[in-house]
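**Student:** Pasting a structure below so you can have a look.
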Amino acid sequence: MKKTDAIIIGAGPVGLFAVHQLGIKGLKSVVIDNLDKAGGQCIELYPDKPIYDIPAVPECTGEELTKKLLEQIQPFKTDLFLNERVEEVKQEKENWIVKTNQNNRFSAPNIIIAGGVGSFEPRKLGIKDAEKFEDKYLFYAVKDKDKFKNKNISIFGGGDSALDWALELSKYSKINLIHRRKEFRGAPHTLSEIKKLENDGKIFIKTPCQLESIDGKNNIDSITVKFDNGKTENIKTDIVLSFFGLIMKLGPIAEWGLNMSKKTIEVNAKNFETNKKGIFAVGDICSYPGKLKLILSGFHEVALASVECFKRARPNEKYRFEFTTSSKTIQERLGKK
Amino acid sequence: MPKITYKDKEGASRTIDVDNGLSVMEGAIQKNIPGIDADCGGSMACATCHVYVEQKWLDKLPKAEDAEVDMIDMAYEPKKNSRLSCQIIVSDELDGLIVTTPSKQS
């Protein structure tokens with residue numbers, strides 16, 4: 001079990017800034033996130049889209065903001081536990097024990113939940129039997145390319161993931177690329193490559209149509225798609241790949257005994273503590289009168305929460321408010337002196 | 001104040017007053033209308049405020065921009081009359097608008 005001062009759940013912008021606010025107060029932390037990289041919604045939903053309301057940063061993308069935050073917390077050498085989801089939270093005297101789905105255990109007097117709208121999961125097909133074939137013949141991500149050699153593969157989606165995997169897997173398999181409209185969203189280069197492979201008979205594009213059924217008993221034999229004009233087509237298929245982006249699910253957080261309203265955690269607006277002492281919620285996941293779901297608000301919330309975290313982690317020390325500009329202690333912690 | 005009607009797939013409908021300038025999504029969230037999740041809060045990043053709009057109303061709306069259409073690709077059971085309700089801004093012209101929510105949002 002790893003002991004620390006605060007366990008931060010969520011590596012989005014607010015979770016990352018929590019590391020900073022705790023760090024300058026001399027507190028250690030760990031960050032746990034279900035995604036394979038830091039940045040949360042910034043990196044998953046709008047890495048290339050502009051953000052205009054970060055104070056003193058007139059314009060930056062989600063990816064740029066994430067990079068800058070990672071740079072800002074670099075001095076604290078904090079461990080990020082990625083690809084891990086917190087499953088369980090238990091109280092043990094003054095401390096909270098957190099267990100992840102990778103069986104890592106952490107103990108700290110403070111938990112800061114900066115979980116956004118929950119953890120990201122692939123958006124799954126709503127069709128009958130989809131679950132039966134999942135992870136055997138139906139996939140929402142490609143992990144081991146070898147599984148997809150010499151097969152009839154039907155890929156659904158019109159974005160980058162669908163296009164990139166259609167290109168890659170067409171090297172060894174027959175690909176059907178199926179999309180609900182004629183236009184695909186991808187880099188011009190990718191689109192022209194796809195067109196070329198279509199002309200060469202390596203990729204078969206089916207538009208505008210949608211999945212009607214997956215047919216087969218134990219394995220997939222074929223799929224049926226329905227075109228906008230009402231016609232249907234049966235396509236021989238061994239493997240279905242579906243790329244309809246990610247959805248956000250609150251997951252186990254709802255079961256930790258915290259007061260919730262409309263998928264958010266109720267906190268006080270003084271230190272953003274929940275109804276459980278030592279558990280804080282900040283950023284999009286928290287609610288209080290007047291709450292705005294802005295990154296800016298999350299930064300404020302975590303700054304105030306970190307003061308209470310200090311009091312709980314160092315009960316015998318007095319908290320002293322300091323400015324980064326003038327505090328030698330803080331500058332040492334930032335590696336500046 | 002314009003009246004907006006939200007129907008679910010089973011046909012149950014609720015009509016509420018929504019202030020001019022708010023989005024059809026915001027109107028629903030403020031009045032706890034079921035069937036609209038709006039996980040991303042209106043940044044056109046999640047497609048969980050997806051609705052179907054009748055043709056006669058669809059014609060009155062500004063055309064969806066590319067980013068919205070791309071996002072609708074990700075929605076649950078998109079159709080030709082699919083829109084994201086966070087992108088439909090309420091005005092007097094839309095008084096009486098009827099939107100139908102899909103059987104689920106994700």
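Residue numbers start at 1 in each chain; chains themselves are named A, B, ... in the order of the structure tokens; ligands are numbered from 1 in the order shown.
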Please build the interface table for segment 45-104 of chain B against segment 16-31 of chain B with a cut-off of 8 Å, listing for each qualifying residue the nearest atom pair and the distance in Å to one decimal; count only C-alpha atoms, order rows by chain and increasing number, and write it as CSV.
**Tutor:**
residue,atom,partner,partner_atom,distance
B:Cys49,CA,B:Met25,CA,6.4
B:Ser85,CA,B:Met25,CA,4.8
B:Cys86,CA,B:Met25,CA,4.7
B:Gln87,CA,B:Ser23,CA,6.4
B:Ile88,CA,B:Ser23,CA,5.4
B:Ile89,CA,B:Ser23,CA,4.3
B:Val90,CA,B:Asn20,CA,5.0
B:Ser91,CA,B:Asn20,CA,4.8
B:Asp92,CA,B:Asn20,CA,6.9
**Student:** Take the residues from that selection and write them out as a PDB file, in the first residue's frame, keeping C-alpha atoms.
**Tutor:**
ATOM      1  CA  CYS B  49     -28.225  15.949 -25.976  1.00  0.00           C
ATOM      2  CA  SER B  85     -30.121  20.339 -28.743  1.00  0.00           C
ATOM      3  CA  CYS B  86     -27.230  22.375 -27.295  1.00  0.00           C
ATOM      4  CA  GLN B  87     -26.894  23.997 -30.705  1.00  0.00           C
ATOM      5  CA  ILE B  88     -30.545  24.998 -31.104  1.00  0.00           C
ATOM      6  CA  ILE B  89     -30.968  28.462 -29.644  1.00  0.00           C
ATOM      7  CA  VAL B  90     -34.501  29.343 -28.600  1.00  0.00           C
ATOM      8  CA  SER B  91     -36.155  32.416 -30.150  1.00  0.00           C
ATOM      9  CA  ASP B  92     -39.723  33.609 -30.728  1.00  0.00           C
TER      10      ASP B  92
END
**Student:** As a list in words, please: the residues near Leu97 of chain B (cut-off 8 Å, only C-alpha atoms, same-chain neighbours under 4 positions excluded).
**Tutor:**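 Returned residues: Lys3, Ile4, Thr5 and Trp57 of chain B.
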**Student:** Find the distance between atom CA of Glu266 of chain A and atom CA of Pro109 of chain A and write it in Å to one decimal.
**Tutor:**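 Distance reported for this atom pair: 19.6 Å.
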**Student:** What residues in chain B lie within 7 Å of chain A, counting only C-alpha atoms, written as a list of chain:residue names?
**Tutor:**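 Per the criterion, chain B yields B:Asp39, B:Ala45, B:Cys46, B:Met74, B:Ser106.
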**Student:** Quick one: residues within 9 Å of Lys104 of chain B, only C-alpha atoms, excluding same-chain residues fewer than 5 positions away - as a VMD selection string?
**Tutor:** chain B and resid 35 to 36 48 76 to 77
**Student:** Mind writing the picked residues with N, CA and C atoms as a PDB file, in the first residue's frame?
**Tutor:**
ATOM      1  N   GLY B  35     -34.243  12.354 -20.637  1.00  0.00           N
ATOM      2  CA  GLY B  35     -33.924  11.990 -22.019  1.00  0.00           C
ATOM      3  C   GLY B  35     -32.849  12.840 -22.656  1.00  0.00           C
ATOM      4  N   ILE B  36     -32.436  13.903 -21.964  1.00  0.00           N
ATOM      5  CA  ILE B  36     -31.322  14.721 -22.457  1.00  0.00           C
ATOM      6  C   ILE B  36     -30.250  14.727 -21.364  1.00  0.00           C
ATOM      7  N   THR B  48     -24.710  13.705 -26.286  1.00  0.00           N
ATOM      8  CA  THR B  48     -25.726  13.130 -25.393  1.00  0.00           C
ATOM      9  C   THR B  48     -26.885  14.107 -25.134  1.00  0.00           C
ATOM     10  N   TYR B  76     -26.378   8.168 -30.534  1.00  0.00           N
ATOM     11  CA  TYR B  76     -27.107   6.910 -30.556  1.00  0.00           C
ATOM     12  C   TYR B  76     -28.229   7.004 -31.585  1.00  0.00           C
ATOM     13  N   GLU B  77     -28.247   6.092 -32.532  1.00  0.00           N
ATOM     14  CA  GLU B  77     -29.253   6.044 -33.604  1.00  0.00           C
ATOM     15  C   GLU B  77     -29.506   7.391 -34.278  1.00  0.00           C
TER      16      GLU B  77
END
**Student:** What is the distance, in Å and to one decimal place, between atom CA of Asn176 of chain A and atom CA of Ile220 of chain A?
**Tutor:**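 These two atoms are separated by 14.6 Å.
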**Student:** Have a look at B:Val51, B:Ala38, B:Val69, B:Met44 and name the one nearest to Lys7 of chain B; count only C-alpha atoms.
**Tutor:** B:Val51
**Student:** Just how far from atom CA of Lys231 of chain A is atom CA of Tyr137 of chain A, in Å to one decimal?
**Tutor:**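 Interatomic distance here is 25.4 Å.
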**Student:** Show me, as a PyMOL selection string, the residues that have an atom within 12 Å of Ile8 of chain A when counting only C-alpha atoms, minus same-chain residues fewer than 4 positions from it.
**Tutor:** chain A and resi 4+12-22+28-33+78-82+85-86+96+98+106-115+278-282+302+305-306+309
**Student:** Identify, with DSSP run on backbone atoms, the residues in segment 11-72 of chain B assigned to alpha helix (DSSP H), and express the list as a list in words.
**Tutor:**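 Across segment 11-72 of chain B, those assigned alpha helix (DSSP H) are Val24, Met25, Glu26, Gly27, Ala28, Ile29, Gln30, Gln55, Lys56, Trp57, Leu58, Asp66, Ala67, Glu68, Val69, Asp70, Met71 and Ile72 of chain B.
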**Student:** I'd like to know which residues of segment 47-216 of chain A are strand (DSSP E) (by DSSP, run on the backbone); could you write them as a ChimeraX atom specification?
**Tutor:** /A:50-51,60-61,79-81,86-92,95-100,105-108,110-113,119-122,138-139,152-156,174-178,203-206,209-215
**Student:** Go through A:Thr66, A:Pro55, A:Ile330, A:Phe120 and flag the residue nearest His300 of chain A, using only C-alpha atoms for the distances.
**Tutor:**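 Among the listed residues, the smallest separation from His300 of chain A belongs to A:Pro55.
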**Student:** With distances taken over only C-alpha atoms, which residue among A:Lys336, A:Lys132, A:Lys90, A:Lys145 lies nearest Gly257 of chain A?
**Tutor:**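 The answer is A:Lys90, which sits nearest to Gly257 of chain A.
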**Student:** Identify, on the basis of only C-alpha atoms, every residue whose closest approach to Asn83 of chain A does not exceed 10 Å; exclude the query and any residue fewer than 4 positions from it along the same chain; express the result as a list of chain:residue names.
**Tutor:**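 That gives A:Ile32, A:Asp33, A:Asn34, A:Leu35, A:Asp36, A:Lys37, A:Thr100, A:Asn101, A:Gln102.
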**Student:** Find the residues near segment 200-206 of chain A: any atom within 12 Å, counting only C-alpha atoms, skip ones fewer than 4 places away on the same chain, and give them as JSON, numbers by chain.
**Tutor:** {"A": [152, 153, 154, 155, 156, 157, 158, 162, 163, 165, 166, 167, 168, 169, 170, 171, 172, 173, 174, 175, 176, 177, 178, 179, 180, 181, 182, 183, 184, 191, 193, 194, 195, 196, 210, 211, 224, 225, 226, 227, 228, 232, 233, 234, 235]}
**Student:** I need the chosen residues saved as a short mmCIF file (atom, residue, chain, number, x, y, z; two decimals), in the first residue's frame, with N, CA and C atoms.
**Tutor:**
data_model
loop_
_atom_site.label_atom_id
_atom_site.label_comp_id
_atom_site.auth_asym_id
_atom_site.auth_seq_id
_atom_site.Cartn_x
_atom_site.Cartn_y
_atom_site.Cartn_z
N ASN A 152 -12.48 -10.94 -42.83
CA ASN A 152 -13.41 -9.97 -43.40
C ASN A 152 -13.81 -9.03 -42.26
N ILE A 153 -13.36 -7.79 -42.36
CA ILE A 153 -13.58 -6.86 -41.25
C ILE A 153 -14.54 -5.75 -41.67
N SER A 154 -15.56 -5.53 -40.88
CA SER A 154 -16.47 -4.41 -41.13
C SER A 154 -16.24 -3.34 -40.07
N ILE A 155 -15.85 -2.16 -40.55
CA ILE A 155 -15.52 -1.06 -39.63
C ILE A 155 -16.63 0.00 -39.69
N PHE A 156 -17.13 0.38 -38.54
CA PHE A 156 -18.17 1.41 -38.46
C PHE A 156 -17.60 2.70 -37.89
N GLY A 157 -18.00 3.82 -38.50
CA GLY A 157 -17.57 5.11 -37.99
C GLY A 157 -17.06 5.97 -39.14
N GLY A 158 -17.02 7.28 -38.91
CA GLY A 158 -16.61 8.18 -39.98
C GLY A 158 -15.47 9.08 -39.60
N ALA A 162 -11.77 5.21 -37.27
CA ALA A 162 -12.30 4.31 -38.29
C ALA A 162 -11.42 4.34 -39.53
N LEU A 163 -11.03 5.53 -39.96
CA LEU A 163 -10.24 5.68 -41.18
C LEU A 163 -8.83 5.10 -41.01
N TRP A 165 -7.71 2.84 -38.91
CA TRP A 165 -7.68 1.38 -38.81
C TRP A 165 -8.09 0.72 -40.12
N ALA A 166 -8.95 1.36 -40.90
CA ALA A 166 -9.29 0.83 -42.22
C ALA A 166 -8.02 0.77 -43.08
N LEU A 167 -7.24 1.84 -43.03
CA LEU A 167 -5.99 1.88 -43.79
C LEU A 167 -5.02 0.79 -43.33
N GLU A 168 -4.80 0.75 -42.05
CA GLU A 168 -3.81 -0.17 -41.49
C GLU A 168 -4.20 -1.63 -41.73
N LEU A 169 -5.44 -1.97 -41.42
CA LEU A 169 -5.85 -3.38 -41.49
C LEU A 169 -6.08 -3.84 -42.93
N SER A 170 -6.22 -2.88 -43.86
CA SER A 170 -6.41 -3.26 -45.27
C SER A 170 -5.15 -3.91 -45.83
N LYS A 171 -4.04 -3.78 -45.11
CA LYS A 171 -2.79 -4.42 -45.55
C LYS A 171 -2.91 -5.94 -45.53
N TYR A 172 -3.72 -6.45 -44.59
CA TYR A 172 -3.82 -7.92 -44.51
C TYR A 172 -5.23 -8.46 -44.54
N SER A 173 -6.23 -7.59 -44.63
CA SER A 173 -7.59 -8.09 -44.56
C SER A 173 -8.50 -7.33 -45.53
N LYS A 174 -9.67 -7.93 -45.78
CA LYS A 174 -10.66 -7.24 -46.61
C LYS A 174 -11.50 -6.35 -45.70
N ILE A 175 -11.60 -5.09 -46.07
CA ILE A 175 -12.24 -4.12 -45.19
C ILE A 175 -13.53 -3.57 -45.80
N ASN A 176 -14.59 -3.56 -45.02
CA ASN A 176 -15.78 -2.79 -45.36
C ASN A 176 -15.81 -1.60 -44.42
N LEU A 177 -15.89 -0.40 -45.00
CA LEU A 177 -15.94 0.80 -44.18
C LEU A 177 -17.35 1.38 -44.29
N ILE A 178 -18.04 1.40 -43.16
CA ILE A 178 -19.47 1.70 -43.19
C ILE A 178 -19.77 2.95 -42.37
N HIS A 179 -20.51 3.88 -42.97
CA HIS A 179 -20.74 5.17 -42.32
C HIS A 179 -22.14 5.67 -42.66
N ARG A 180 -22.72 6.43 -41.75
CA ARG A 180 -24.11 6.83 -41.93
C ARG A 180 -24.30 7.93 -42.97
N ARG A 181 -23.21 8.59 -43.36
CA ARG A 181 -23.33 9.60 -44.42
C ARG A 181 -22.12 9.48 -45.34
N LYS A 182 -22.16 10.22 -46.44
CA LYS A 182 -21.11 10.06 -47.46
C LYS A 182 -19.78 10.67 -47.02
N GLU A 183 -19.86 11.75 -46.24
CA GLU A 183 -18.64 12.47 -45.87
C GLU A 183 -17.93 11.79 -44.70
N PHE A 184 -16.62 11.66 -44.83
CA PHE A 184 -15.81 11.18 -43.72
C PHE A 184 -15.03 12.35 -43.15
N LEU A 191 -7.83 10.50 -46.40
CA LEU A 191 -8.99 10.34 -47.27
C LEU A 191 -8.59 9.92 -48.68
N GLU A 193 -5.85 8.30 -49.51
CA GLU A 193 -5.37 6.92 -49.42
C GLU A 193 -6.54 5.92 -49.45
N ILE A 194 -7.56 6.27 -48.68
CA ILE A 194 -8.76 5.41 -48.62
C ILE A 194 -9.37 5.27 -50.01
N LYS A 195 -9.47 6.40 -50.69
CA LYS A 195 -10.05 6.43 -52.05
C LYS A 195 -9.24 5.50 -52.97
N LYS A 196 -7.94 5.58 -52.84
CA LYS A 196 -7.06 4.76 -53.68
C LYS A 196 -7.29 3.27 -53.42
N GLN A 210 -26.53 2.29 -42.07
CA GLN A 210 -26.29 1.98 -40.66
C GLN A 210 -26.49 0.50 -40.39
N LEU A 211 -25.93 0.05 -39.30
CA LEU A 211 -25.99 -1.36 -38.94
C LEU A 211 -27.42 -1.75 -38.54
N THR A 224 -25.92 -7.17 -41.40
CA THR A 224 -26.86 -6.56 -42.34
C THR A 224 -26.86 -5.06 -42.11
N VAL A 225 -26.69 -4.32 -43.20
CA VAL A 225 -26.74 -2.87 -43.08
C VAL A 225 -27.93 -2.36 -43.88
N LYS A 226 -28.46 -1.22 -43.45
CA LYS A 226 -29.61 -0.63 -44.13
C LYS A 226 -29.23 0.74 -44.67
N PHE A 227 -29.43 0.90 -45.97
CA PHE A 227 -29.11 2.18 -46.61
C PHE A 227 -30.25 3.17 -46.40
N ASP A 228 -29.92 4.45 -46.60
CA ASP A 228 -30.93 5.50 -46.42
C ASP A 228 -32.14 5.31 -47.32
N THR A 232 -31.43 -3.04 -48.01
CA THR A 232 -30.51 -3.65 -47.05
C THR A 232 -29.48 -4.49 -47.80
N GLU A 233 -28.35 -4.70 -47.14
CA GLU A 233 -27.32 -5.54 -47.74
C GLU A 233 -26.71 -6.41 -46.66
N ASN A 234 -26.52 -7.67 -47.02
CA ASN A 234 -25.87 -8.60 -46.11
C ASN A 234 -24.40 -8.69 -46.49
N ILE A 235 -23.52 -8.47 -45.51
CA ILE A 235 -22.08 -8.44 -45.80
C ILE A 235 -21.37 -9.51 -44.99
#
**Student:** For Asp70 of chain B, which residue out of A:Asp160, A:Asp53, A:Asp129, A:Phe323 is the nearest one, using only C-alpha atoms?
**Tutor:** A:Asp160
